[in-house]
Amino acid sequence: MNAADPKRILLAGDVHGNSRWMGTLCKLARRLGCDAILQLGDFGYWPHTADGLKFLSQVTLHAERHGIDCVYWVDGNHENHDALANLEPDEDGMVTIVDRCRYLPRGHRWQWAGVRFGALGGAFSVDHAVRQEGTSWWRREVLTDADVERLGQEPLDVLVTHDAPDGMPLRGFPIPQVDEILSREVRIRILQAIHATQPKLVVHGHWHHRYSHQLEWPESVADDLVWRTAQVEGLGADIHQDNRAWAVLDLSPLCFSDARDSTPASRPGA
Ligand SMILES: [Mn+2]
């Protein structure tokens, strides 16, 4: 099913295949007058497991029940990337997963209400050593130069990623140096994509940390230096079970609403 263009969107951080949290997000989206959910990766696409399949059917049921047209998502690191690679995009370039659930491939561009969006999912799993290839870890998780090239250089309004751009005020835990280099490569690619496409807003998940940051960089135009800016918003995850894990995006005019000061989401089961 191809949903009509949304006008107000609930942005959601990592969901990790958490059906109950997905239900809360759909309920919340409805209450806040959102037509659709845009989820920022680590959605939980694990169709090789019974739980993963159940999650997908629950996404459809929750969306139907709460009148949400569609749950759109970019890929995180913890998706079955081999299964994703085997799916054919629809004519509009999005991939229908199940009813009311569509995947936005890396490099895909689209417009809603005239707002230009770009998707650039993927990240490096810092816990790959405790994961099993093909079962809980997939090589294709990492955003590549080819993905960034696919996105192109035309201007964007909103860039939707899973990892943060390089240089954000985020602190992870200590990891082996080689992993630090590989994981940072993804963030550098996202920063390059921002410089190339100059989005007004960048939204991402992955770090399970809610923060806002104004990114600034100089660009030489004619013989002058012009300062460019982008608003970066990192969202929390299902583990928070509260309003750090979501925000609202209005499309006309484009407006990101910080949800930190508003009513907390009702807890699943409450
Ligand atoms: Mn992640």
# chains A, B, ... in the order shown; residues from 1 in each chain; ligands from 1

call {"tool": "select_by_dssp", "arguments": {"residues": "range 38-113 of chain A", "states": "strand (DSSP E or B)", "output": "PyMOL selection string"}}
result
chain A and resi 38-39+70-73+95-98+101-103+109-112

call {"tool": "residues_around", "arguments": {"residues": "His78 in chain A", "least_positions_apart": "5", "cutoff": "8 Å", "atoms": "only C-alpha atoms", "output": "list in words"}}
result
His16, Asp42, Phe43, Gly44, Tyr45, Ser125, Ser136, Trp137, Trp138 and Glu141 of chain A

call {"tool": "write_last_selection", "arguments": {"atoms": "C-alpha atoms", "output": "mmCIF file, in the first residue's frame"}}
result
data_model
loop_
_atom_site.group_PDB
_atom_site.id
_atom_site.type_symbol
_atom_site.label_atom_id
_atom_site.label_comp_id
_atom_site.auth_asym_id
_atom_site.auth_seq_id
_atom_site.Cartn_x
_atom_site.Cartn_y
_atom_site.Cartn_z
ATOM 1 C CA HIS A 16 15.122 -2.830 18.143
ATOM 2 C CA ASP A 42 17.770 -0.316 14.298
ATOM 3 C CA PHE A 43 14.149 -0.836 13.427
ATOM 4 C CA GLY A 44 14.498 -4.575 13.992
ATOM 5 C CA TYR A 45 14.193 -6.137 10.550
ATOM 6 C CA SER A 125 28.371 -2.490 15.243
ATOM 7 C CA SER A 136 22.874 -11.271 14.418
ATOM 8 C CA TRP A 137 25.515 -9.400 12.390
ATOM 9 C CA TRP A 138 25.795 -8.531 8.700
ATOM 10 C CA GLU A 141 25.718 -2.871 7.939
#

call {"tool": "closest_residue", "arguments": {"among": "A:Gln192, A:Gly114, A:Ala146, A:Leu38", "to": "Met22 in chain A", "atoms": "only C-alpha atoms"}}
result
A:Leu38

call {"tool": "residues_around", "arguments": {"residues": "Val160 in chain A", "least_positions_apart": "6", "cutoff": "6 Å", "atoms": "only C-alpha atoms", "output": "ChimeraX atom specification"}}
result
/A:119,202-203

call {"tool": "closest_atom_pairs", "arguments": {"of": "chain A", "to": "ligand 1", "cutoff": "8 Å", "atoms": "only C-alpha atoms and all ligand atoms", "output": "JSON lines"}}
result
{"residue": "A:Asp14", "atom": "CA", "partner": "ligand 1", "partner_atom_place_in_ligand_line": "1 (Mn)", "distance": 7.1}
{"residue": "A:Gly41", "atom": "CA", "partner": "ligand 1", "partner_atom_place_in_ligand_line": "1 (Mn)", "distance": 6.8}
{"residue": "A:Asp42", "atom": "CA", "partner": "ligand 1", "partner_atom_place_in_ligand_line": "1 (Mn)", "distance": 5.3}
{"residue": "A:Gly76", "atom": "CA", "partner": "ligand 1", "partner_atom_place_in_ligand_line": "1 (Mn)", "distance": 5.1}
{"residue": "A:Asn77", "atom": "CA", "partner": "ligand 1", "partner_atom_place_in_ligand_line": "1 (Mn)", "distance": 5.0}
{"residue": "A:His78", "atom": "CA", "partner": "ligand 1", "partner_atom_place_in_ligand_line": "1 (Mn)", "distance": 6.2}
{"residue": "A:Gly122", "atom": "CA", "partner": "ligand 1", "partner_atom_place_in_ligand_line": "1 (Mn)", "distance": 7.8}
{"residue": "A:Ala123", "atom": "CA", "partner": "ligand 1", "partner_atom_place_in_ligand_line": "1 (Mn)", "distance": 6.3}
{"residue": "A:Phe124", "atom": "CA", "partner": "ligand 1", "partner_atom_place_in_ligand_line": "1 (Mn)", "distance": 7.6}
{"residue": "A:Ser125", "atom": "CA", "partner": "ligand 1", "partner_atom_place_in_ligand_line": "1 (Mn)", "distance": 6.9}
{"residue": "A:His162", "atom": "CA", "partner": "ligand 1", "partner_atom_place_in_ligand_line": "1 (Mn)", "distance": 6.6}
{"residue": "A:Asp163", "atom": "CA", "partner": "ligand 1", "partner_atom_place_in_ligand_line": "1 (Mn)", "distance": 7.0}
{"residue": "A:Gly205", "atom": "CA", "partner": "ligand 1", "partner_atom_place_in_ligand_line": "1 (Mn)", "distance": 7.0}
{"residue": "A:His206", "atom": "CA", "partner": "ligand 1", "partner_atom_place_in_ligand_line": "1 (Mn)", "distance": 3.8}
{"residue": "A:Trp207", "atom": "CA", "partner": "ligand 1", "partner_atom_place_in_ligand_line": "1 (Mn)", "distance": 6.8}

call {"tool": "write_last_selection", "arguments": {"atoms": "N, CA, C and O atoms", "output": "mmCIF file, in the first residue's frame"}}
result
data_model
loop_
_atom_site.group_PDB
_atom_site.id
_atom_site.type_symbol
_atom_site.label_atom_id
_atom_site.label_comp_id
_atom_site.auth_asym_id
_atom_site.auth_seq_id
_atom_site.Cartn_x
_atom_site.Cartn_y
_atom_site.Cartn_z
ATOM 1 N N ASP A 14 15.806 4.426 17.804
ATOM 2 C CA ASP A 14 15.930 2.967 17.678
ATOM 3 C C ASP A 14 14.765 2.235 18.348
ATOM 4 O O ASP A 14 14.366 2.571 19.464
ATOM 5 N N GLY A 41 16.310 3.878 12.198
ATOM 6 C CA GLY A 41 17.228 2.735 12.107
ATOM 7 C C GLY A 41 17.387 1.958 13.397
ATOM 8 O O GLY A 41 17.065 2.442 14.476
ATOM 9 N N ASP A 42 17.916 0.707 13.277
ATOM 10 C CA ASP A 42 17.770 -0.316 14.298
ATOM 11 C C ASP A 42 16.271 -0.484 14.568
ATOM 12 O O ASP A 42 15.794 -0.505 15.691
ATOM 13 N N GLY A 76 19.420 0.535 10.316
ATOM 14 C CA GLY A 76 20.476 0.729 11.302
ATOM 15 C C GLY A 76 21.579 -0.273 11.027
ATOM 16 O O GLY A 76 21.703 -0.789 9.912
ATOM 17 N N ASN A 77 22.361 -0.588 12.044
ATOM 18 C CA ASN A 77 23.332 -1.671 11.894
ATOM 19 C C ASN A 77 22.677 -3.018 12.185
ATOM 20 O O ASN A 77 22.960 -4.007 11.524
ATOM 21 N N HIS A 78 21.757 -3.038 13.169
ATOM 22 C CA HIS A 78 21.146 -4.315 13.551
ATOM 23 C C HIS A 78 19.894 -4.635 12.735
ATOM 24 O O HIS A 78 18.798 -4.727 13.270
ATOM 25 N N GLY A 122 22.582 2.802 8.079
ATOM 26 C CA GLY A 122 23.794 2.006 8.272
ATOM 27 C C GLY A 122 24.710 2.559 9.339
ATOM 28 O O GLY A 122 24.733 3.759 9.596
ATOM 29 N N ALA A 123 25.432 1.660 9.987
ATOM 30 C CA ALA A 123 26.426 2.031 11.015
ATOM 31 C C ALA A 123 27.268 0.798 11.305
ATOM 32 O O ALA A 123 26.941 -0.315 10.869
ATOM 33 N N PHE A 124 28.341 1.005 12.041
ATOM 34 C CA PHE A 124 29.259 -0.067 12.420
ATOM 35 C C PHE A 124 28.844 -0.586 13.801
ATOM 36 O O PHE A 124 28.633 0.208 14.716
ATOM 37 N N SER A 125 28.739 -1.918 13.941
ATOM 38 C CA SER A 125 28.371 -2.490 15.243
ATOM 39 C C SER A 125 29.616 -2.622 16.117
ATOM 40 O O SER A 125 30.492 -3.434 15.834
ATOM 41 N N HIS A 162 21.209 6.865 10.418
ATOM 42 C CA HIS A 162 21.185 6.099 11.662
ATOM 43 C C HIS A 162 22.308 6.577 12.589
ATOM 44 O O HIS A 162 22.077 6.856 13.755
ATOM 45 N N ASP A 163 23.515 6.670 12.059
ATOM 46 C CA ASP A 163 24.638 7.142 12.864
ATOM 47 C C ASP A 163 24.671 8.669 12.831
ATOM 48 O O ASP A 163 24.016 9.314 11.995
ATOM 49 N N GLY A 205 19.637 8.254 15.004
ATOM 50 C CA GLY A 205 19.493 7.458 16.230
ATOM 51 C C GLY A 205 20.839 6.872 16.624
ATOM 52 O O GLY A 205 21.826 7.573 16.693
ATOM 53 N N HIS A 206 20.867 5.565 16.870
ATOM 54 C CA HIS A 206 22.066 4.746 17.083
ATOM 55 C C HIS A 206 22.740 4.914 18.440
ATOM 56 O O HIS A 206 23.154 3.938 19.045
ATOM 57 N N TRP A 207 22.898 6.142 18.920
ATOM 58 C CA TRP A 207 23.668 6.377 20.142
ATOM 59 C C TRP A 207 22.826 6.271 21.409
ATOM 60 O O TRP A 207 23.361 6.396 22.514
#

call {"tool": "residues_around", "arguments": {"residues": "Ala193 in chain A", "least_positions_apart": "3", "cutoff": "8 Å", "atoms": "only C-alpha atoms", "output": "list of chain:residue names"}}
result
A:Val148, A:Leu151, A:Gln153, A:Arg189, A:Ile190, A:Ala196, A:Thr197

call {"tool": "closest_residue", "arguments": {"among": "A:Ala237, A:Leu40, A:Ala50, A:Leu32", "to": "Val71 in chain A", "atoms": "only C-alpha atoms"}}
result
A:Leu40
